[in-house]
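Q: Here you go, one structure.
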Number of protein chains: 2
Amino acid sequence: MNLSLDDIRQKFRDCGLKSTPQRASIYQALVNSTAHPTAEDLFAQVSPTYPMLSLNTVYYTLTVLGSAGLVQEVNIGHDRARYDANLSPHHHVICQGCQDIIDVMDSRLDSLAPPTGLPKDFDITSYQVAFRGYCGSCRQSQSPNKGC
Amino acid sequence: MNLSLDDIRQKFRDCGLKSTPQRASIYQALVNSTAHPTAEDLFAQVSPTYPMLSLNTVYYTLTVLGSAGLVQEVNIGHDRARYDANLSPHHHVICQGCQDIIDVMDSRLDSLAPPTGLPKDFDITSYQVAFRGYCGSCRQSQSPNKGC
DNA sequence: TCCTGTTTAGGAATGATTACTATGTAGCAA
DNA sequence: TTGCTACATAGTAATCATTCCTAAACAGGA
Ligand SMILES: [Mn+2]
Ligand SMILES: [Mn+2]
Ligand SMILES: [Zn+2]
Ligand SMILES: [Zn+2]
């Protein structure tokens with residue numbers, strides 16, 4: 001992507017969000033990344049430019065951008081939240097060794113038929129496919145189940 | 001399902017796991033549920049029968065059963081882990097209001113083509129589809145995005 | 001029955017996230 | 001341009017799920 005700070009300020013205005021240097025930097029770091037960073041990752045990346053930045057602000061910013069629809073959480077486990085500013089429909093491959101998350105953009109996955117057998121009053125708004133496995137460097141360490 | 005405690009002791013033996021009353025009760029509560037409970041839920045359910053039960057033991061048991069392949073984690077957010085002893089291939093619908101998780105068994109979802117564009121040394125071992133939306137009772141409270 | 005490695009209970013520790021709050025500032029209007 | 005006000009920030013403290021640690025209990029095999 002590589003959005004400039006000016007592009008970002010414009011986008012914030014369009015969305016009715018206040019534009020602050022911290023907020024713009026955090027969003028820029030996220031939108032220009034494909035690594036699905038944690039809040040801490042973003043904090044570490046932006047900190048050098050804004051030494052006063054608080055990790056708290058990163059969390060607050062992510063929830064604000066989240067409820068504006070500019071950022072989504074990606075859950076690969078219950079441990080820590082990972083964030084994604086890639087709004088085009090896509091899916092994820094997760095390495096169970098290093099926890100890396102790779103984007104999958106495969107249009108065949110974007111029009112799955114709605115699932116059968118649901119309560120009829122259930123309103124599905126979106127879905128995502130999560131593939132799991134092991135990346136090249138984690139393959140050998142892939143531990144088999146003990147019993148069974 | 002409705003497995004008896006004897007069935008469960010047998011299954012543990014088959015898997016090479018020690019059978020203790022606590023362990024069997026925890027697994028029984030989980031395997032006979034479709035609610036994808038948390039560790040705390042299981043603790044609350046088993047506690048009346050085993051007043052000395054420790055929440056710690058629930059966590060330990062779940063990791064043991066997990067590495068034996070009898071139990072899987074279902075992640076619907078980064079907040080708390082939900083557990084599932086339903087080993088038949090299936091998918092989930094998650095209500096974003098009440099966090100309920102409903103099983104989806106739709107065989108059309110069980111043979112998706114492997115995704116394109118991955119590093120060739122990536123080894124996919126499984127995948128799951130997570131549908132999100134709002135159940136009947138949570139529908140009205142479904143809050144729209146602020147900006148954008 | 002005895003032995004040994006696993007399991008349990010309980011308490012303490014960890015670590016990500018949230019809550020609280022005083023100060024700062026963006027955006028708007030006079 | 002200036003001043004106002006609501007929102008944003010930083011720092012600290014609190015929360016809470018999960019993990020760590022350890023002594024005692026115990027399951028399963030010899
Ligand atoms: Mn992504
Ligand atoms: Mn399930
Ligand atoms: Zn890996
Ligand atoms: Zn609901």
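Please note that chains go A, B, ... in the order of the structure tokens, that every chain numbers its residues from 1, and that ligands are numbered from 1 in the order shown.
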Identify all chain B residues at most 12 Å from chain D by counting only C-alpha atoms (C1' of nucleotides); ligands do not count. Present them as a list in words.
A: Arg13, Gly16, Leu17, Lys18, Ser19, Thr20, Pro21, Thr38, Ala39, Glu40, Leu55, Asn56, Thr57, Val58, Tyr59, Tyr60, Thr63, His78, Asp79, Arg80, Ala81 and Arg82 of chain B
Q: Residues of chain C within 10 Å of chain B, counting only C-alpha atoms (C1' of nucleotides), what are they? List them as a list of chain:residue names.
A: C:DT6, C:DT7, C:DT8, C:DA9, C:DG10, C:DA16, C:DT17
Q: Can you list, as number ranges by chain, all residues belonging to region 41-102 of chain B that DSSP tags as strand (DSSP E)?
A: B: 72-74, 82-84, 91-95, 101-102
Q: Counting only C-alpha atoms (C1' of nucleotides) and all ligand atoms, what are the residues, protein, DNA or RNA alike, that approach ligand 3 to within 8 Å? I want them as a list in words.
A: Cys95, Gln96, Gly97, Cys98, Gln99, Asp100, Tyr134, Cys135, Gly136, Ser137, Cys138 and Arg139 of chain A
Q: Would you mind listing, as a PyMOL selection string, all residues of chain A that have at least one atom within 7 Å of chain B, where only C-alpha atoms are what counts?
A: chain A and resi 14-16+67-69+75-81+104+106+115-116+121-136+145-148
Q: How far is it from CA of Ser141 (chain B) to CA of Leu62 (chain A), in Å with one decimal?
A: 22.1 Å
Q: What separation in Å, quoted to one decimal, exists between CA of Ala85 (chain B) and C1' of DT14 (chain C)?
A: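 Between CA of Ala85 (chain B) and C1' of DT14 (chain C) the gap is 28.3 Å.
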Q: Have a look at CA of Tyr27 (chain A) and CA of Asp110 (chain A) and let me know their distance in Å, one decimal.
A: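 Atom-to-atom, CA of Tyr27 (chain A) and CA of Asp110 (chain A) are spaced 26.0 Å apart.
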Q: For the helix (DSSP H, G or I) assignment from backbone DSSP, which residues of region 21-121 of chain B qualify? Please present them as an mmCIF file with N, CA, C and O atoms, in the first residue's frame.
A:
data_model
loop_
_atom_site.group_PDB
_atom_site.id
_atom_site.type_symbol
_atom_site.label_atom_id
_atom_site.label_comp_id
_atom_site.auth_asym_id
_atom_site.auth_seq_id
_atom_site.Cartn_x
_atom_site.Cartn_y
_atom_site.Cartn_z
ATOM 1 N N PRO B 21 -10.757 -39.139 38.548
ATOM 2 C CA PRO B 21 -12.143 -38.673 38.597
ATOM 3 C C PRO B 21 -12.292 -37.246 38.062
ATOM 4 O O PRO B 21 -13.203 -36.955 37.277
ATOM 5 N N GLN B 22 -11.379 -36.380 38.447
ATOM 6 C CA GLN B 22 -11.463 -34.999 37.986
ATOM 7 C C GLN B 22 -11.375 -34.933 36.461
ATOM 8 O O GLN B 22 -12.172 -34.279 35.792
ATOM 9 N N ARG B 23 -10.381 -35.617 35.943
ATOM 10 C CA ARG B 23 -10.143 -35.581 34.508
ATOM 11 C C ARG B 23 -11.340 -36.116 33.739
ATOM 12 O O ARG B 23 -11.781 -35.513 32.745
ATOM 13 N N ALA B 24 -11.875 -37.238 34.216
ATOM 14 C CA ALA B 24 -13.022 -37.828 33.533
ATOM 15 C C ALA B 24 -14.234 -36.897 33.585
ATOM 16 O O ALA B 24 -14.950 -36.739 32.600
ATOM 17 N N SER B 25 -14.454 -36.255 34.739
ATOM 18 C CA SER B 25 -15.608 -35.368 34.866
ATOM 19 C C SER B 25 -15.484 -34.144 33.973
ATOM 20 O O SER B 25 -16.461 -33.682 33.371
ATOM 21 N N ILE B 26 -14.279 -33.617 33.911
ATOM 22 C CA ILE B 26 -14.061 -32.432 33.077
ATOM 23 C C ILE B 26 -14.304 -32.792 31.613
ATOM 24 O O ILE B 26 -15.014 -32.085 30.887
ATOM 25 N N TYR B 27 -13.745 -33.919 31.205
ATOM 26 C CA TYR B 27 -13.931 -34.322 29.808
ATOM 27 C C TYR B 27 -15.394 -34.650 29.535
ATOM 28 O O TYR B 27 -15.929 -34.288 28.476
ATOM 29 N N GLN B 28 -16.047 -35.296 30.483
ATOM 30 C CA GLN B 28 -17.453 -35.619 30.282
ATOM 31 C C GLN B 28 -18.296 -34.360 30.097
ATOM 32 O O GLN B 28 -19.132 -34.273 29.197
ATOM 33 N N ALA B 29 -18.034 -33.366 30.949
ATOM 34 C CA ALA B 29 -18.785 -32.109 30.829
ATOM 35 C C ALA B 29 -18.564 -31.485 29.462
ATOM 36 O O ALA B 29 -19.495 -30.952 28.844
ATOM 37 N N LEU B 30 -17.324 -31.573 28.978
ATOM 38 C CA LEU B 30 -17.021 -30.947 27.694
ATOM 39 C C LEU B 30 -17.586 -31.731 26.525
ATOM 40 O O LEU B 30 -18.186 -31.155 25.605
ATOM 41 N N VAL B 31 -17.434 -33.028 26.550
ATOM 42 C CA VAL B 31 -17.816 -33.822 25.385
ATOM 43 C C VAL B 31 -19.338 -33.899 25.249
ATOM 44 O O VAL B 31 -19.853 -34.083 24.147
ATOM 45 N N ALA B 39 -12.794 -22.570 30.365
ATOM 46 C CA ALA B 39 -12.274 -23.336 31.496
ATOM 47 C C ALA B 39 -13.107 -23.045 32.742
ATOM 48 O O ALA B 39 -13.454 -23.949 33.505
ATOM 49 N N GLU B 40 -13.443 -21.807 32.911
ATOM 50 C CA GLU B 40 -14.263 -21.399 34.065
ATOM 51 C C GLU B 40 -15.646 -22.038 34.025
ATOM 52 O O GLU B 40 -16.160 -22.480 35.057
ATOM 53 N N ASP B 41 -16.244 -22.107 32.846
ATOM 54 C CA ASP B 41 -17.540 -22.774 32.703
ATOM 55 C C ASP B 41 -17.449 -24.219 33.158
ATOM 56 O O ASP B 41 -18.309 -24.710 33.902
ATOM 57 N N LEU B 42 -16.417 -24.906 32.703
ATOM 58 C CA LEU B 42 -16.254 -26.310 33.060
ATOM 59 C C LEU B 42 -16.021 -26.456 34.558
ATOM 60 O O LEU B 42 -16.569 -27.351 35.207
ATOM 61 N N PHE B 43 -15.215 -25.561 35.099
ATOM 62 C CA PHE B 43 -14.958 -25.566 36.538
ATOM 63 C C PHE B 43 -16.264 -25.419 37.305
ATOM 64 O O PHE B 43 -16.546 -26.182 38.237
ATOM 65 N N ALA B 44 -17.096 -24.474 36.883
ATOM 66 C CA ALA B 44 -18.375 -24.247 37.566
ATOM 67 C C ALA B 44 -19.283 -25.459 37.457
ATOM 68 O O ALA B 44 -20.037 -25.779 38.372
ATOM 69 N N GLN B 45 -19.199 -26.147 36.325
ATOM 70 C CA GLN B 45 -20.095 -27.273 36.136
ATOM 71 C C GLN B 45 -19.659 -28.505 36.939
ATOM 72 O O GLN B 45 -20.500 -29.249 37.441
ATOM 73 N N VAL B 46 -18.352 -28.703 37.046
ATOM 74 C CA VAL B 46 -17.848 -29.894 37.708
ATOM 75 C C VAL B 46 -17.689 -29.676 39.213
ATOM 76 O O VAL B 46 -17.786 -30.612 40.006
ATOM 77 N N LEU B 55 -9.330 -24.812 39.694
ATOM 78 C CA LEU B 55 -9.421 -24.293 38.330
ATOM 79 C C LEU B 55 -8.156 -24.625 37.559
ATOM 80 O O LEU B 55 -8.161 -24.872 36.356
ATOM 81 N N ASN B 56 -7.062 -24.642 38.314
ATOM 82 C CA ASN B 56 -5.783 -25.020 37.773
ATOM 83 C C ASN B 56 -5.819 -26.390 37.106
ATOM 84 O O ASN B 56 -5.254 -26.602 36.040
ATOM 85 N N THR B 57 -6.474 -27.312 37.766
ATOM 86 C CA THR B 57 -6.591 -28.661 37.247
ATOM 87 C C THR B 57 -7.387 -28.670 35.949
ATOM 88 O O THR B 57 -7.089 -29.440 35.030
ATOM 89 N N VAL B 58 -8.371 -27.818 35.859
ATOM 90 C CA VAL B 58 -9.141 -27.723 34.619
ATOM 91 C C VAL B 58 -8.222 -27.296 33.481
ATOM 92 O O VAL B 58 -8.204 -27.915 32.414
ATOM 93 N N TYR B 59 -7.426 -26.276 33.716
ATOM 94 C CA TYR B 59 -6.498 -25.827 32.674
ATOM 95 C C TYR B 59 -5.506 -26.933 32.319
ATOM 96 O O TYR B 59 -5.256 -27.211 31.146
ATOM 97 N N TYR B 60 -4.940 -27.548 33.345
ATOM 98 C CA TYR B 60 -3.959 -28.598 33.088
ATOM 99 C C TYR B 60 -4.584 -29.741 32.294
ATOM 100 O O TYR B 60 -4.015 -30.221 31.306
ATOM 101 N N THR B 61 -5.771 -30.145 32.715
ATOM 102 C CA THR B 61 -6.472 -31.229 32.032
ATOM 103 C C THR B 61 -6.733 -30.877 30.576
ATOM 104 O O THR B 61 -6.543 -31.703 29.672
ATOM 105 N N LEU B 62 -7.133 -29.666 30.332
ATOM 106 C CA LEU B 62 -7.441 -29.265 28.960
ATOM 107 C C LEU B 62 -6.193 -29.275 28.085
ATOM 108 O O LEU B 62 -6.255 -29.637 26.913
ATOM 109 N N THR B 63 -5.056 -28.906 28.650
ATOM 110 C CA THR B 63 -3.848 -28.955 27.824
ATOM 111 C C THR B 63 -3.427 -30.401 27.580
ATOM 112 O O THR B 63 -2.979 -30.741 26.489
ATOM 113 N N VAL B 64 -3.583 -31.244 28.586
ATOM 114 C CA VAL B 64 -3.249 -32.661 28.396
ATOM 115 C C VAL B 64 -4.157 -33.281 27.332
ATOM 116 O O VAL B 64 -3.679 -33.934 26.395
ATOM 117 N N LEU B 65 -5.457 -33.075 27.475
ATOM 118 C CA LEU B 65 -6.386 -33.617 26.484
ATOM 119 C C LEU B 65 -6.139 -32.985 25.116
ATOM 120 O O LEU B 65 -6.303 -33.630 24.086
ATOM 121 N N GLY B 66 -5.720 -31.746 25.132
ATOM 122 C CA GLY B 66 -5.403 -31.073 23.878
ATOM 123 C C GLY B 66 -4.238 -31.719 23.169
ATOM 124 O O GLY B 66 -4.301 -31.992 21.969
ATOM 125 N N SER B 67 -3.155 -32.003 23.899
ATOM 126 C CA SER B 67 -2.004 -32.584 23.206
ATOM 127 C C SER B 67 -2.225 -34.048 22.886
ATOM 128 O O SER B 67 -1.512 -34.625 22.067
ATOM 129 N N SER B 107 -21.021 -30.411 4.781
ATOM 130 C CA SER B 107 -19.935 -31.131 4.141
ATOM 131 C C SER B 107 -19.339 -30.356 2.962
ATOM 132 O O SER B 107 -18.200 -30.587 2.586
ATOM 133 N N ARG B 108 -20.112 -29.401 2.414
ATOM 134 C CA ARG B 108 -19.555 -28.616 1.308
ATOM 135 C C ARG B 108 -18.331 -27.810 1.754
ATOM 136 O O ARG B 108 -17.504 -27.399 0.939
ATOM 137 N N LEU B 109 -18.245 -27.557 3.072
ATOM 138 C CA LEU B 109 -17.130 -26.757 3.574
ATOM 139 C C LEU B 109 -15.902 -27.595 3.907
ATOM 140 O O LEU B 109 -14.851 -27.056 4.239
ATOM 141 N N ASP B 110 -16.058 -28.915 3.808
ATOM 142 C CA ASP B 110 -14.980 -29.772 4.288
ATOM 143 C C ASP B 110 -13.974 -30.158 3.220
ATOM 144 O O ASP B 110 -13.051 -30.923 3.481
ATOM 145 N N SER B 111 -14.149 -29.650 2.017
ATOM 146 C CA SER B 111 -13.199 -30.025 0.967
ATOM 147 C C SER B 111 -12.857 -28.819 0.097
ATOM 148 O O SER B 111 -12.878 -28.885 -1.120
#
